[in-house]
Amino acid sequence: MDVEFELTAEHVRSGRALLQWSQGDLANNAEVAVSTIADFEKGLRVPIANNLTAIREVLEEGGVRFTPGGSFLSVALFLMSEGNSGELVLQFTDKGAAAVQDVLSVFGEVVEGAVSIAAVQAATPALKKALDDLVATHASTTPPIHRLKKFVSVLIDGEHFLVLPGRPASTTEKLACEELLHRLNHPDETVDTDGVRALFGSLLNRYDMSSPRTDRHTVIRSRTRSERQCRFCGMSKLEGATFDKAAHAIPTALGNDFLKLADECDECNGYFGEVTEPSLIAFLDLQRAFLGIQGRGKNEGRPELNFAEGKIFHDGKRFNIHSKHMSHDAGTDIISVGLGKGSPIVLADVYRALVKIVLAVIDEEELEHLSRTIEWMRYGKHADQVLPAVAAAVVELPPNPSAQIIVYRRKAERSRLPHIIGEFRLGPYLYVFAVPLSDRDSWDLNGFFDDPEFRETFKHYASVTRWTQQDLNSRNKAWLSPQIKLVPRSK
Ligand SMILES: [Zn+2]
């Protein structure tokens, strides 16, 4: 369903230069013939769509970002000390390839273009000196190096800090990093982790938690390209399924372009894009507009929602509402806005699209327990199943409002706790739902969210003061028709 600009020979050549890959390296990684790359770069022959996608994917996985005008390498490091943390994004064009190597070499090894960075670092005088040298050599082409130097220079000599490939994916991971830093820097102190254990201990005993990286290009792939098999319909490439389109685990309209699923055939991709995802996108339209989340298309892909009697859009700076029906509520400063009929939604399809995100990112082995879930999600079977309510809440706004997914998988074989829980987040909007129809669940999970054992296990949800439970069982088409109340900020 993607409209992507065409990848040119120049993109491929400069992408390789940035990663210091030979044509052979690229051919190996993308599983195409060396001649395919060589001929493309010489302008003799454009690879078939399938191969072109593979070439693009492996370069993107290496960190190369493409724009219609060229390519650049984006390296994101997340720096964390006890007193400070922050993301540092370094961007290099192919003229800066040497700078990439030098910067990364300070924290680890670069061997034949492959980088290994040690996560645990110490702010030794030697490291501080190396960073001074880096600034002198490369700061003119890569200004963020100044920030890197500054981050380290304020640490006391020998203080430990972490260099991570990205922001910690979850609260648990962040807490674990903080605990590690504390232990490294204060080896004599016994660490008080009781607070953390009290909050997450029972959860982590009962569930595995995973959260795919959504801040860099990640391709979920269980087999080699020639042996590809769709995880939803089960068709393989050998049986004639095609895998030419880029399948996003999370719809791009929700602002996440990075997480792709190799194991999704074009037919399933088309089905989700036409049937289930439009309902999820419409369901989240107002939230997208409030946050100004960018997808693709005009107005930088920001949603412009048209209703029968008005419209809502984000211009990149602020949220705008136009309506023919605005009125002051009697005796107050509150303005009520009516917009009339908007996009159509099938609530059951919203649920199916949420579950699809979970099934796209979950370990492949888990799918054998979820065959009925897939039949429901992909083919609309088991429609008589009563779906549990989806719990929704508004929480703190994270720095990156694009969509995130956390998947909880129950460890124990027999339990009343749901087998799989999905936690979907779009900016401050949080949705918690159970994946229905798993053969590892012995009941229909209706009311799971209020079950005492669930509450006891997912203690962190108790810190959210107001949950609403949404019934997404309806299979009828309904229309979004928001009534918005504008409350003036108190002076
Ligand atoms: Zn398929």
# chains A, B, ... in the order shown; residues from 1 in each chain; ligands from 1

call {"tool": "residues_near_ligand", "arguments": {"ligand": "ligand 1", "cutoff": "7 Å", "atoms": "only C-alpha atoms and all ligand atoms", "output": "list of chain:residue names"}}
result
A:Cys230, A:Arg231, A:Phe232, A:Cys233, A:Gly234, A:Met235, A:Glu264, A:Cys265, A:Asp266, A:Glu267, A:Cys268

call {"tool": "closest_atom_pairs", "arguments": {"of": "region 203-278 of chain A", "to": "region 345-357 of chain A", "cutoff": "6 Å", "atoms": "only C-alpha atoms", "output": "JSON lines"}}
result
{"residue": "A:Ala249", "atom": "CA", "partner": "A:Ile357", "partner_atom": "CA", "distance": 5.6}
{"residue": "A:Ile250", "atom": "CA", "partner": "A:Ile357", "partner_atom": "CA", "distance": 5.9}
{"residue": "A:Thr276", "atom": "CA", "partner": "A:Asp349", "partner_atom": "CA", "distance": 4.9}
{"residue": "A:Glu277", "atom": "CA", "partner": "A:Ala353", "partner_atom": "CA", "distance": 5.5}

call {"tool": "write_last_selection", "arguments": {"atoms": "N, CA and C atoms", "output": "PDB file, in the first residue's frame"}}
result
ATOM      1  N   ALA A 249       4.456  -3.241  10.180  1.00  0.00           N
ATOM      2  CA  ALA A 249       3.819  -3.903  11.321  1.00  0.00           C
ATOM      3  C   ALA A 249       2.746  -2.991  11.909  1.00  0.00           C
ATOM      4  N   ILE A 250       3.017  -1.697  11.928  1.00  0.00           N
ATOM      5  CA  ILE A 250       2.070  -0.699  12.419  1.00  0.00           C
ATOM      6  C   ILE A 250       1.737   0.196  11.226  1.00  0.00           C
ATOM      7  N   THR A 276      -9.166  -3.922   7.508  1.00  0.00           N
ATOM      8  CA  THR A 276      -9.131  -3.676   8.956  1.00  0.00           C
ATOM      9  C   THR A 276      -8.447  -2.366   9.346  1.00  0.00           C
ATOM     10  N   GLU A 277      -7.313  -2.051   8.685  1.00  0.00           N
ATOM     11  CA  GLU A 277      -6.556  -0.876   9.137  1.00  0.00           C
ATOM     12  C   GLU A 277      -7.298   0.452   8.977  1.00  0.00           C
TER      13      GLU A 277
END

call {"tool": "select_by_dssp", "arguments": {"residues": "region 109-250 of chain A", "states": "strand (DSSP E or B)", "output": "list in words"}}
result
Glu109, Val110, Val111, Ala114, Val115, Ser116, Ile117, Val120, Gln121, Ala122, His160, Phe161, Leu162, Val163, Leu164, Tyr207, Asp208, Met209, Ser210, Thr218, Val219, Ile220, Gln229, Ser236 and His248 of chain A

call {"tool": "residues_around", "arguments": {"residues": "region 329-333 of chain A", "least_positions_apart": "4", "cutoff": "10 Å", "atoms": "only C-alpha atoms", "output": "list in words"}}
result
Lys485, Leu486, Val487, Pro488 and Arg489 of chain A

call {"tool": "select_by_dssp", "arguments": {"residues": "region 194-287 of chain A", "states": "alpha helix (DSSP H)", "output": "VMD selection string"}}
result
chain A and resid 194 to 206 266 to 271 277 to 283 285 to 287

call {"tool": "residues_around", "arguments": {"residues": "Glu10 (chain A)", "least_positions_apart": "2", "cutoff": "10 Å", "atoms": "only C-alpha atoms", "output": "list in words"}}
result
Leu7, Thr8, Val12, Arg13, Ser14, Gly15, Arg16, Phe40, Glu41, Lys42, Gly43, Gly69, Gly70 and Ser71 of chain A

call {"tool": "residues_around", "arguments": {"residues": "region 53-58 of chain A", "least_positions_apart": "4", "cutoff": "10 Å", "atoms": "only C-alpha atoms", "output": "PyMOL selection string"}}
result
chain A and resi 7+11-12+15+26-32+37+47-49+62-66+217-219+225+243-246+260+262

call {"tool": "atom_distance", "arguments": {"atom1": "CA of Val34 (chain A)", "atom2": "CA of Glu61 (chain A)"}}
result
19.2 Å

call {"tool": "atom_distance", "arguments": {"atom1": "CA of Pro436 (chain A)", "atom2": "CA of Pro388 (chain A)"}}
result
7.7 Å

call {"tool": "decode", "arguments": {"residues": "region 41-88 of chain A", "atoms": "N, CA and C atoms", "output": "CSV table (one decimal), in the first residue's frame"}}
result
chain,number,residue,atom,x,y,z
A,41,GLU,N,24.0,-0.2,-10.7
A,41,GLU,CA,24.9,1.0,-10.5
A,41,GLU,C,25.4,1.6,-11.8
A,42,LYS,N,25.6,0.7,-12.8
A,42,LYS,CA,26.1,1.1,-14.1
A,42,LYS,C,25.0,1.7,-15.0
A,43,GLY,N,23.8,1.6,-14.5
A,43,GLY,CA,22.7,2.1,-15.3
A,43,GLY,C,22.2,1.2,-16.4
A,44,LEU,N,22.6,-0.1,-16.3
A,44,LEU,CA,22.3,-1.0,-17.4
A,44,LEU,C,20.9,-1.6,-17.2
A,45,ARG,N,20.5,-1.8,-16.0
A,45,ARG,CA,19.3,-2.6,-15.7
A,45,ARG,C,18.8,-2.3,-14.3
A,46,VAL,N,17.5,-2.0,-14.2
A,46,VAL,CA,16.9,-1.8,-12.9
A,46,VAL,C,16.4,-3.1,-12.4
A,47,PRO,N,16.8,-3.5,-11.1
A,47,PRO,CA,16.4,-4.8,-10.6
A,47,PRO,C,14.8,-4.9,-10.5
A,48,ILE,N,14.3,-6.1,-10.5
A,48,ILE,CA,12.9,-6.3,-10.3
A,48,ILE,C,12.5,-5.8,-8.9
A,49,ALA,N,11.2,-5.5,-8.8
A,49,ALA,CA,10.7,-4.8,-7.6
A,49,ALA,C,11.1,-5.6,-6.3
A,50,ASN,N,11.0,-6.9,-6.3
A,50,ASN,CA,11.3,-7.7,-5.2
A,50,ASN,C,12.8,-7.5,-4.7
A,51,ASN,N,13.7,-7.5,-5.7
A,51,ASN,CA,15.1,-7.3,-5.4
A,51,ASN,C,15.4,-5.9,-4.9
A,52,LEU,N,14.7,-4.9,-5.6
A,52,LEU,CA,14.9,-3.5,-5.2
A,52,LEU,C,14.5,-3.3,-3.8
A,53,THR,N,13.4,-3.9,-3.4
A,53,THR,CA,12.9,-3.8,-2.0
A,53,THR,C,14.0,-4.4,-1.0
A,54,ALA,N,14.5,-5.5,-1.4
A,54,ALA,CA,15.5,-6.2,-0.6
A,54,ALA,C,16.7,-5.3,-0.4
A,55,ILE,N,17.2,-4.7,-1.5
A,55,ILE,CA,18.4,-3.9,-1.4
A,55,ILE,C,18.1,-2.7,-0.5
A,56,ARG,N,16.9,-2.1,-0.7
A,56,ARG,CA,16.6,-0.9,0.1
A,56,ARG,C,16.5,-1.3,1.6
A,57,GLU,N,15.9,-2.5,1.9
A,57,GLU,CA,15.7,-2.9,3.3
A,57,GLU,C,17.0,-3.1,4.0
A,58,VAL,N,18.0,-3.8,3.3
A,58,VAL,CA,19.2,-4.1,4.1
A,58,VAL,C,20.0,-2.8,4.3
A,59,LEU,N,20.0,-1.9,3.3
A,59,LEU,CA,20.7,-0.6,3.5
A,59,LEU,C,20.0,0.2,4.7
A,60,GLU,N,18.7,0.1,4.7
A,60,GLU,CA,18.0,0.9,5.8
A,60,GLU,C,18.3,0.2,7.1
A,61,GLU,N,18.4,-1.1,7.1
A,61,GLU,CA,18.7,-1.8,8.4
A,61,GLU,C,20.1,-1.4,8.9
A,62,GLY,N,21.0,-1.1,7.9
A,62,GLY,CA,22.3,-0.7,8.2
A,62,GLY,C,22.3,0.7,8.8
A,63,GLY,N,21.2,1.5,8.7
A,63,GLY,CA,21.2,2.8,9.2
A,63,GLY,C,21.1,3.9,8.1
A,64,VAL,N,21.1,3.5,6.9
A,64,VAL,CA,21.0,4.5,5.8
A,64,VAL,C,19.6,5.0,5.6
A,65,ARG,N,19.5,6.3,5.5
A,65,ARG,CA,18.1,6.9,5.2
A,65,ARG,C,18.2,7.5,3.9
A,66,PHE,N,17.1,7.3,3.1
A,66,PHE,CA,17.0,7.8,1.8
A,66,PHE,C,16.1,9.0,1.7
A,67,THR,N,16.4,10.0,0.9
A,67,THR,CA,15.5,11.0,0.5
A,67,THR,C,15.6,11.1,-1.0
A,68,PRO,N,14.6,11.7,-1.6
A,68,PRO,CA,14.6,11.7,-3.1
A,68,PRO,C,15.9,12.3,-3.6
A,69,GLY,N,16.5,13.2,-2.8
A,69,GLY,CA,17.8,13.8,-3.3
A,69,GLY,C,19.0,13.0,-3.1
A,70,GLY,N,19.0,12.1,-2.2
A,70,GLY,CA,20.3,11.4,-1.9
A,70,GLY,C,20.1,10.5,-0.7
A,71,SER,N,21.3,10.1,-0.1
A,71,SER,CA,21.2,9.2,1.1
A,71,SER,C,22.1,9.7,2.1
A,72,PHE,N,21.8,9.4,3.4
A,72,PHE,CA,22.7,9.8,4.5
A,72,PHE,C,22.6,8.7,5.5
A,73,LEU,N,23.6,8.6,6.3
A,73,LEU,CA,23.6,7.6,7.4
A,73,LEU,C,23.2,8.2,8.7
A,74,SER,N,22.3,7.6,9.3
A,74,SER,CA,21.8,8.2,10.6
A,74,SER,C,22.2,7.2,11.7
A,75,VAL,N,23.0,7.7,12.6
A,75,VAL,CA,23.4,6.8,13.7
A,75,VAL,C,22.8,7.4,15.0
A,76,ALA,N,22.0,6.7,15.7
A,76,ALA,CA,21.4,7.2,16.9
A,76,ALA,C,22.0,6.5,18.1
A,77,LEU,N,22.5,7.2,19.0
A,77,LEU,CA,23.1,6.7,20.3
A,77,LEU,C,22.3,7.2,21.4
A,78,PHE,N,22.0,6.4,22.4
A,78,PHE,CA,21.3,6.9,23.6
A,78,PHE,C,22.3,6.9,24.7
A,79,LEU,N,22.6,8.0,25.2
A,79,LEU,CA,23.6,8.2,26.3
A,79,LEU,C,22.9,8.3,27.6
A,80,MET,N,23.4,7.5,28.6
A,80,MET,CA,22.8,7.5,29.9
A,80,MET,C,23.8,7.5,31.0
A,81,SER,N,23.8,8.5,31.8
A,81,SER,CA,24.6,8.5,33.0
A,81,SER,C,23.7,8.6,34.2
A,82,GLU,N,24.2,8.6,35.4
A,82,GLU,CA,23.3,8.7,36.5
A,82,GLU,C,22.6,10.0,36.6
A,83,GLY,N,23.2,11.0,36.1
A,83,GLY,CA,22.6,12.4,36.2
A,83,GLY,C,21.9,12.9,35.0
A,84,ASN,N,22.1,12.2,33.9
A,84,ASN,CA,21.7,12.8,32.6
A,84,ASN,C,21.4,11.7,31.6
A,85,SER,N,20.5,11.9,30.7
A,85,SER,CA,20.4,11.0,29.6
A,85,SER,C,19.8,11.7,28.4
A,86,GLY,N,20.1,11.2,27.2
A,86,GLY,CA,19.5,11.8,26.0
A,86,GLY,C,20.0,11.1,24.8
A,87,GLU,N,19.2,11.4,23.7
A,87,GLU,CA,19.5,10.7,22.5
A,87,GLU,C,20.4,11.7,21.6
A,88,LEU,N,21.4,11.1,21.0
A,88,LEU,CA,22.2,11.8,20.1
A,88,LEU,C,22.1,11.2,18.7
